[in-house]
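Note: the block below is model14.txt and it holds compact mmCIF, C-alpha atoms.
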```txt
# COMPACT_ATOMS: atom_id res chain seq x y z
CA MET A 1 0.00 0.00 0.00
CA SER A 2 3.01 2.28 0.05
CA TYR A 3 3.74 4.89 -2.58
CA ASP A 4 7.22 6.04 -3.51
CA GLY A 5 6.30 8.94 -5.77
CA ASP A 6 6.28 6.86 -8.97
CA PRO A 7 3.96 8.69 -11.39
CA SER A 8 3.29 5.48 -13.31
CA VAL A 9 -0.06 5.18 -11.54
CA LEU A 10 -1.31 7.93 -13.83
CA GLY A 11 -3.60 6.50 -16.48
CA ASP A 12 -4.52 3.44 -14.39
CA ALA A 13 -8.19 2.60 -14.73
CA LEU A 14 -10.33 2.96 -11.64
CA PRO A 15 -12.63 0.02 -10.86
CA GLU A 16 -16.39 0.06 -11.17
CA HIS A 17 -18.22 -1.66 -8.33
CA GLU A 18 -21.79 -2.94 -8.45
CA LEU A 19 -23.43 -3.93 -5.21
CA PRO A 20 -24.49 -7.58 -5.16
CA GLY A 21 -28.13 -8.37 -4.57
CA VAL A 22 -29.43 -4.90 -5.37
CA ASP A 23 -31.91 -4.87 -8.27
CA ASP A 24 -33.04 -1.86 -10.27
CA GLN A 25 -36.66 -0.90 -9.75
CA GLN A 26 -38.83 -1.09 -12.86
CA GLY A 27 -42.33 0.09 -13.75
CA LEU A 28 -44.14 3.40 -13.91
CA GLY A 29 -46.33 2.96 -10.82
CA PRO A 30 -50.07 2.25 -10.56
CA ALA A 31 -52.28 2.95 -13.55
CA ALA A 32 -54.82 5.76 -13.35
CA ASP A 33 -58.47 4.90 -12.79
CA PRO A 34 -60.35 5.67 -16.07
CA GLY A 35 -63.31 6.92 -14.04
CA SER A 36 -61.33 9.33 -11.90
CA ASP A 37 -61.66 13.07 -12.23
CA PRO A 38 -58.63 14.34 -14.27
CA LEU A 39 -58.96 17.78 -12.70
CA SER A 40 -58.83 16.57 -9.11
CA SER A 41 -55.73 17.20 -7.05
CA ASP A 42 -55.25 13.45 -6.64
CA PRO A 43 -56.41 11.76 -9.91
CA LEU A 44 -54.87 8.40 -8.91
CA GLY A 45 -56.76 8.27 -5.66
CA LEU A 46 -53.58 7.94 -3.62
CA ASP A 47 -53.06 9.17 -0.14
CA PRO A 48 -50.62 12.14 -0.08
CA LEU A 49 -48.57 10.35 2.54
CA GLU A 50 -48.14 7.41 0.17
CA ILE A 51 -46.90 9.45 -2.80
CA ALA A 52 -44.52 11.63 -0.79
CA GLU A 53 -40.95 11.08 -1.97
CA GLU A 54 -38.61 9.41 0.46
CA PRO A 55 -34.84 9.55 0.41
CA PRO A 56 -33.29 6.48 -1.21
CA PRO A 57 -32.17 3.81 1.23
CA VAL A 58 -28.46 3.66 1.97
CA THR A 59 -27.24 0.11 1.44
CA SER A 60 -23.89 -1.26 2.61
CA VAL A 61 -22.38 -4.64 1.84
CA VAL A 62 -19.57 -5.83 4.13
CA THR A 63 -17.11 -8.46 2.88
CA HIS A 64 -14.37 -10.03 5.00
CA TYR A 65 -11.37 -11.40 3.11
CA ALA A 66 -8.64 -13.82 4.16
CA GLY A 67 -5.78 -11.98 5.84
CA GLY A 68 -8.02 -9.66 7.82
CA ILE A 69 -9.00 -7.22 5.07
CA THR A 70 -12.56 -5.87 5.29
CA GLU A 71 -14.39 -4.24 2.37
CA VAL A 72 -17.45 -2.03 2.82
CA ALA A 73 -19.33 -1.07 -0.36
CA THR A 74 -21.98 1.62 0.16
CA ASP A 75 -24.75 2.60 -2.25
CA LEU A 76 -25.80 6.11 -1.22
CA ASP A 77 -28.51 6.80 -3.81
CA GLY A 78 -30.15 3.39 -4.19
CA ASP A 79 -29.16 2.84 -7.83
CA GLY A 80 -27.47 -0.49 -7.22
CA TYR A 81 -23.92 0.85 -7.65
CA ALA A 82 -21.49 1.70 -4.87
CA GLU A 83 -20.58 5.38 -4.55
CA LEU A 84 -18.22 4.59 -1.67
CA LEU A 85 -15.86 1.62 -1.44
CA GLU A 86 -13.68 1.31 1.69
CA PHE A 87 -10.97 -1.18 2.65
CA ASP A 88 -9.68 -1.71 6.19
CA VAL A 89 -6.35 -3.47 5.73
CA ASN A 90 -5.05 -3.73 9.30
CA GLY A 91 -8.31 -4.47 11.11
CA ASP A 92 -8.50 -1.26 13.16
CA ARG A 93 -11.96 -0.42 11.75
CA VAL A 94 -10.57 2.67 10.02
CA ALA A 95 -10.58 2.77 6.20
CA ASP A 96 -7.04 2.63 4.79
CA VAL A 97 -8.16 2.90 1.15
CA ARG A 98 -11.32 4.70 0.07
CA TYR A 99 -12.74 4.81 -3.47
CA GLN A 100 -15.45 7.39 -4.18
CA ASP A 101 -17.78 8.35 -7.02
CA THR A 102 -17.69 12.10 -6.40
CA ASP A 103 -19.83 13.12 -9.40
CA TRP A 104 -22.43 10.33 -8.99
CA ASP A 105 -22.07 9.08 -12.57
CA GLY A 106 -21.71 5.41 -11.58
CA ARG A 107 -17.90 5.37 -11.96
CA LEU A 108 -15.37 5.62 -9.15
CA ASP A 109 -13.16 8.66 -9.72
CA SER A 110 -11.30 9.38 -6.48
CA VAL A 111 -9.00 7.28 -4.29
CA GLU A 112 -7.76 8.19 -0.81
CA ARG A 113 -4.93 6.16 0.70
CA ASP A 114 -3.34 5.85 4.11
CA SER A 115 -0.10 4.24 2.95
CA ASN A 116 1.45 3.73 6.41
CA LEU A 117 -1.83 2.75 8.12
CA ASP A 118 -1.61 5.47 10.78
CA GLY A 119 -5.21 6.60 10.34
CA HIS A 120 -4.39 9.69 8.22
CA VAL A 121 -4.76 10.01 4.44
CA ASP A 122 -1.43 10.78 2.77
CA GLN A 123 -2.27 10.30 -0.90
CA VAL A 124 -5.22 11.21 -3.13
CA LEU A 125 -5.64 10.01 -6.72
CA GLU A 126 -8.31 11.60 -8.90
CA ASP A 127 -9.90 11.18 -12.30
CA ASN A 128 -10.77 14.80 -13.03
CA ASP A 129 -12.22 14.36 -16.54
CA GLY A 130 -14.30 11.27 -15.83
CA ASP A 131 -12.65 8.97 -18.37
CA GLY A 132 -11.88 6.24 -15.84
CA ARG A 133 -8.12 6.95 -15.68
CA VAL A 134 -6.15 8.64 -12.91
CA ASP A 135 -4.83 12.04 -14.00
CA SER A 136 -3.60 13.60 -10.74
CA VAL A 137 -1.76 12.22 -7.73
CA VAL A 138 -1.48 14.41 -4.62
CA THR A 139 0.90 13.16 -1.93
CA ASP A 140 1.93 14.12 1.58
CA THR A 141 5.34 12.44 1.52
CA ASN A 142 6.40 13.35 5.08
CA ARG A 143 2.89 12.74 6.49
CA ASP A 144 2.55 16.08 8.24
CA GLY A 145 -0.92 16.75 6.85
CA VAL A 146 0.30 19.17 4.15
CA VAL A 147 0.58 18.27 0.44
CA ASP A 148 4.17 18.43 -0.79
CA ARG A 149 4.10 16.62 -4.14
CA VAL A 150 1.66 16.75 -7.07
CA VAL A 151 1.93 14.76 -10.30
CA ALA A 152 -0.65 15.64 -12.94
CA ASP A 153 -1.71 14.80 -16.47
CA ALA A 154 -2.86 18.23 -17.66
CA ASP A 155 -3.99 17.08 -21.12
CA PHE A 156 -5.67 13.85 -19.90
CA ASP A 157 -3.79 11.55 -22.28
CA GLY A 158 -2.71 9.10 -19.58
CA ARG A 159 0.86 10.40 -19.24
CA PRO A 160 2.18 12.79 -16.57
CA ASP A 161 3.31 16.21 -17.78
CA THR A 162 3.30 18.45 -14.68
CA TRP A 163 5.15 18.04 -11.36
CA MET A 164 5.07 20.31 -8.31
CA THR A 165 7.32 19.68 -5.33
CA ASP A 166 7.66 21.28 -1.90
CA SER A 167 11.12 20.02 -0.97
CA ASP A 168 11.41 21.90 2.34
CA PHE A 169 7.86 21.04 3.48
CA ASN A 170 6.85 24.63 4.21
CA GLY A 171 3.50 24.33 2.44
CA ARG A 172 4.62 26.20 -0.72
CA PRO A 173 5.93 24.59 -3.93
CA ASP A 174 9.55 25.44 -4.68
CA GLU A 175 9.88 23.52 -7.94
CA ILE A 176 7.42 23.23 -10.83
CA ARG A 177 8.35 21.16 -13.87
CA VAL A 178 6.21 21.18 -17.00
CA ASP A 179 6.75 18.88 -19.99
CA LEU A 180 3.72 19.47 -22.18
CA ASP A 181 5.15 17.71 -25.24
CA GLU A 182 6.01 14.72 -23.03
CA ASP A 183 9.43 14.07 -24.51
CA GLY A 184 11.11 13.64 -21.13
CA GLN A 185 12.74 17.10 -21.12
CA ALA A 186 11.24 19.97 -19.16
CA ASP A 187 9.70 22.69 -21.28
CA ARG A 188 9.84 24.88 -18.20
CA LEU A 189 11.51 24.31 -14.85
CA MET A 190 10.43 27.01 -12.40
CA VAL A 191 12.28 27.23 -9.09
CA ASP A 192 11.82 29.26 -5.93
CA THR A 193 15.46 29.25 -4.82
CA ASP A 194 14.98 31.21 -1.58
CA HIS A 195 11.69 29.49 -0.63
CA ASP A 196 9.77 32.73 -0.22
CA GLY A 197 6.79 31.55 -2.26
CA THR A 198 7.78 33.41 -5.47
CA VAL A 199 9.41 31.77 -8.48
CA ASP A 200 12.74 33.48 -9.14
CA GLN A 201 14.35 31.18 -11.70
CA VAL A 202 13.05 29.65 -14.95
CA ASN A 203 15.05 27.08 -16.90
CA TYR A 204 14.32 25.48 -20.29
CA GLN A 205 15.80 22.01 -20.78
CA ASP A 206 14.01 21.31 -24.08
CA ARG A 207 15.52 23.29 -26.98
CA GLN A 208 12.44 22.72 -29.11
CA THR A 209 10.19 24.57 -26.69
CA ASN A 210 12.73 27.12 -25.44
CA PRO A 211 11.52 30.55 -26.63
CA TYR A 212 15.04 31.99 -26.33
CA VAL A 213 16.84 29.48 -28.56
CA THR A 214 17.96 30.90 -31.88
CA ASN A 215 19.05 28.84 -34.88
```
Using structure tokens, write down the structure that the file contains.
Amino acid sequence: MSYDGDPSVLGDALPEHELPGVDDQQGLGPAADPGSDPLSSDPLGLDPLEIAEEPPPVTSVVTHYAGGITEVATDLDGDGYAELLEFDVNGDRVADVRYQDTDWDGRLDSVERDSNLDGHVDQVLEDNDGDGRVDSVVTDTNRDGVVDRVVADADFDGRPDTWMTDSDFNGRPDEIRVDLDEDGQADRLMVDTDHDGTVDQVNYQDRQTNPYVTN
């Protein structure tokens, strides 16, 4: 469950999870009585208490695996698909990995991880464009509760092209590397050398995208 900063997780497909034993509801409800008054406030003859909308039932399915891992899949809107999928790896009843469907489209698009199992999330993976692939990884490498590394796929093609690093863990990025053409050489390397929160040095490692290179 550990993470060493390898951006290869970008582009990995997130799982879809359907709750077992939950069936979709079908039908349009009771048919109208042909003899009922169409202008009445209740043409179906139903009691107002019966037709009042109720919030969908929240359904959770708990699965215990060999080795002590517990999975809890929760369907929050009653559609038969889990919007929240949690794994407790070490048996302390606290979720160490949490998958979420944040936009309620039936596909899991966010992952929260507690890589050292101390009860605090230190990594978040997100699918920001809803294509089922991870395109940003946010990490708290020193586990102080403050993000200090971000790897992103800005053009959503499944390959990382933007890196932000807070090397002195002061809560402000001091190095930003952008490789938009994804050739392995930084188009721009922006550095805050004195760690005051303002970029004071810009380097271009890729001659093809360096605006100052002359032939």
Q: Could you please give me, as a PyMOL selection string, the residues of protein, DNA or RNA lying at most 12 Å from (0.8, 14.6, 12.1) in the coordinate frame of the file, considering all atoms listed in the file?
A: chain A and resi 118-122+140-146
### Task
Name the closest residue to Tyr81 of chain A among the candidates A:Thr102, A:Leu180, A:Thr59, A:Gly68; distances are taken between atoms, counting all atoms listed in the file.
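Using all atoms listed in the file, Tyr81 of chain A sits closest to A:Thr59.
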Using only C-alpha atoms, which protein or nucleic acid residues come within 9 Å of Leu117 of chain A? Drop anything in the same chain fewer than 3 positions from it, and give the result as a PyMOL selection string. chain A and resi 1+89-90+94-96+113-114+120-121
Worksheet entry | atom CA of Ser115 of chain A to atom CA of Glu16 of chain A, straight-line distance in Å |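 That distance, rounded to one decimal, is 22.0 Å.
Distance-wise, atom CA of Arg107 of chain A and atom CA of Leu10 of chain A end up 16.9 Å apart.
Using all atoms listed in the file, the protein and nucleic acid residues lying no more than 9 Å from Pro15 of chain A, apart from those fewer than 3 places from it along its own chain, are Tyr99, Arg107, Leu108, Asp109 and Gly132 of chain A.
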If you measure from atom CA of Gln123 of chain A to atom CA of Val97 of chain A, what distance in Å do you get, rounded to one decimal?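 Taking atom CA of Gln123 of chain A as the start and atom CA of Val97 of chain A as the end point, the length is 9.7 Å.
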Counting only C-alpha atoms, the option among A:Val72, A:Arg93, A:Val137, A:Asp88 closest to Ser110 of chain A =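 Once distances to Ser110 of chain A are computed over only C-alpha atoms, the minimum belongs to A:Val137.
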What lies within 12 Å of Asp183 of chain A using all atoms listed in the file, ignoring chain neighbours under 3 positions off, as a PyMOL selection string? chain A and resi 159-161+178-180+186-187+205-209
Practice prompt. Check the smallest atom-to-atom distance from each of A:Val147, A:Val199, A:Val191, A:Ala154 to Asn128 of chain A using only C-alpha atoms, then report the winner.
Written response: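 Looking only at the distances to Asn128 of chain A, the closest residue turns out to be A:Ala154.
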With all heavy atoms as the atom set, please write segment 101-116 of chain A from the structure just given, as a short mmCIF file (atom, residue, chain, number, x, y, z; two decimals), in the first residue's frame.
```
data_model
loop_
_atom_site.label_atom_id
_atom_site.label_comp_id
_atom_site.auth_asym_id
_atom_site.auth_seq_id
_atom_site.Cartn_x
_atom_site.Cartn_y
_atom_site.Cartn_z
N ASP A 101 -17.19 7.82 -5.79
CA ASP A 101 -17.78 8.35 -7.02
C ASP A 101 -18.26 9.76 -6.68
O ASP A 101 -19.40 9.95 -6.26
CB ASP A 101 -18.93 7.46 -7.49
CG ASP A 101 -19.64 8.02 -8.71
OD1 ASP A 101 -19.09 8.93 -9.34
OD2 ASP A 101 -20.75 7.54 -9.01
N THR A 102 -17.40 10.75 -6.88
CA THR A 102 -17.69 12.10 -6.40
C THR A 102 -18.73 12.82 -7.26
O THR A 102 -19.40 13.73 -6.77
CB THR A 102 -16.41 12.94 -6.35
OG1 THR A 102 -15.82 13.01 -7.65
CG2 THR A 102 -15.41 12.34 -5.38
N ASP A 103 -18.87 12.43 -8.54
CA ASP A 103 -19.83 13.12 -9.40
C ASP A 103 -21.08 12.28 -9.66
O ASP A 103 -21.91 12.63 -10.49
CB ASP A 103 -19.20 13.52 -10.73
CG ASP A 103 -18.55 12.34 -11.45
OD1 ASP A 103 -18.69 11.19 -10.97
OD2 ASP A 103 -17.90 12.57 -12.48
N TRP A 104 -21.21 11.15 -8.96
CA TRP A 104 -22.43 10.33 -8.99
C TRP A 104 -22.79 9.88 -10.41
O TRP A 104 -23.97 9.84 -10.78
CB TRP A 104 -23.61 11.08 -8.36
CG TRP A 104 -23.40 11.43 -6.92
CD1 TRP A 104 -22.58 12.42 -6.44
CD2 TRP A 104 -23.98 10.81 -5.78
NE1 TRP A 104 -22.63 12.45 -5.07
CE2 TRP A 104 -23.48 11.48 -4.64
CE3 TRP A 104 -24.88 9.78 -5.61
CZ2 TRP A 104 -23.85 11.13 -3.34
CZ3 TRP A 104 -25.25 9.44 -4.31
CH2 TRP A 104 -24.75 10.10 -3.20
N ASP A 105 -21.79 9.53 -11.21
CA ASP A 105 -22.07 9.08 -12.57
C ASP A 105 -21.97 7.56 -12.69
O ASP A 105 -22.03 7.02 -13.78
CB ASP A 105 -21.12 9.74 -13.57
CG ASP A 105 -19.67 9.32 -13.37
OD1 ASP A 105 -19.35 8.69 -12.33
OD2 ASP A 105 -18.84 9.63 -14.24
N GLY A 106 -21.80 6.86 -11.57
CA GLY A 106 -21.71 5.41 -11.58
C GLY A 106 -20.30 4.88 -11.76
O GLY A 106 -20.11 3.67 -11.83
N ARG A 107 -19.30 5.79 -11.81
CA ARG A 107 -17.90 5.37 -11.96
C ARG A 107 -17.07 5.98 -10.83
O ARG A 107 -17.18 7.18 -10.54
CB ARG A 107 -17.35 5.83 -13.31
CG ARG A 107 -18.12 5.27 -14.48
CD ARG A 107 -17.64 5.85 -15.80
NE ARG A 107 -16.24 5.54 -16.06
CZ ARG A 107 -15.67 5.71 -17.25
NH1 ARG A 107 -16.37 6.18 -18.26
NH2 ARG A 107 -14.41 5.43 -17.44
N LEU A 108 -16.24 5.15 -10.22
CA LEU A 108 -15.37 5.62 -9.15
C LEU A 108 -14.29 6.52 -9.73
O LEU A 108 -13.65 6.18 -10.71
CB LEU A 108 -14.74 4.42 -8.43
CG LEU A 108 -15.74 3.44 -7.80
CD1 LEU A 108 -15.04 2.18 -7.31
CD2 LEU A 108 -16.50 4.09 -6.66
N ASP A 109 -14.10 7.71 -9.14
CA ASP A 109 -13.16 8.66 -9.72
C ASP A 109 -12.21 9.28 -8.71
O ASP A 109 -11.44 10.17 -9.06
CB ASP A 109 -13.93 9.78 -10.44
CG ASP A 109 -15.05 10.37 -9.59
OD1 ASP A 109 -14.83 10.59 -8.39
OD2 ASP A 109 -16.14 10.60 -10.13
N SER A 110 -12.20 8.83 -7.47
CA SER A 110 -11.30 9.38 -6.48
C SER A 110 -10.85 8.27 -5.53
O SER A 110 -11.65 7.40 -5.16
CB SER A 110 -11.99 10.49 -5.67
OG SER A 110 -11.16 10.97 -4.64
N VAL A 111 -9.57 8.28 -5.20
CA VAL A 111 -9.00 7.28 -4.29
C VAL A 111 -8.23 8.00 -3.19
O VAL A 111 -7.39 8.86 -3.48
CB VAL A 111 -8.06 6.29 -5.01
CG1 VAL A 111 -7.59 5.21 -4.03
CG2 VAL A 111 -8.73 5.67 -6.21
N GLU A 112 -8.52 7.67 -1.95
CA GLU A 112 -7.76 8.19 -0.81
C GLU A 112 -7.03 7.03 -0.15
O GLU A 112 -7.63 5.99 0.11
CB GLU A 112 -8.69 8.87 0.19
CG GLU A 112 -9.42 10.08 -0.36
CD GLU A 112 -10.35 10.71 0.66
OE1 GLU A 112 -10.45 10.16 1.78
OE2 GLU A 112 -10.96 11.74 0.35
N ARG A 113 -5.74 7.23 0.12
CA ARG A 113 -4.93 6.16 0.70
C ARG A 113 -4.23 6.61 1.98
O ARG A 113 -3.76 7.74 2.07
CB ARG A 113 -3.85 5.70 -0.30
CG ARG A 113 -4.37 4.94 -1.50
CD ARG A 113 -3.22 4.58 -2.43
NE ARG A 113 -3.65 3.80 -3.58
CZ ARG A 113 -2.88 3.50 -4.60
NH1 ARG A 113 -1.63 3.93 -4.62
NH2 ARG A 113 -3.34 2.79 -5.60
N ASP A 114 -4.17 5.70 2.92
CA ASP A 114 -3.34 5.85 4.11
C ASP A 114 -2.23 4.82 3.97
O ASP A 114 -2.38 3.67 4.37
CB ASP A 114 -4.16 5.63 5.37
CG ASP A 114 -3.31 5.59 6.63
OD1 ASP A 114 -2.15 6.05 6.58
OD2 ASP A 114 -3.80 5.09 7.66
N SER A 115 -1.12 5.21 3.35
CA SER A 115 -0.10 4.24 2.95
C SER A 115 0.63 3.60 4.12
O SER A 115 1.10 2.47 4.01
CB SER A 115 0.92 4.91 2.01
OG SER A 115 1.56 5.99 2.66
N ASN A 116 0.74 4.31 5.25
CA ASN A 116 1.45 3.73 6.41
C ASN A 116 0.49 3.28 7.50
O ASN A 116 0.93 2.96 8.62
CB ASN A 116 2.47 4.72 6.97
CG ASN A 116 1.81 5.97 7.53
OD1 ASN A 116 0.67 6.29 7.21
ND2 ASN A 116 2.53 6.69 8.38
#
```
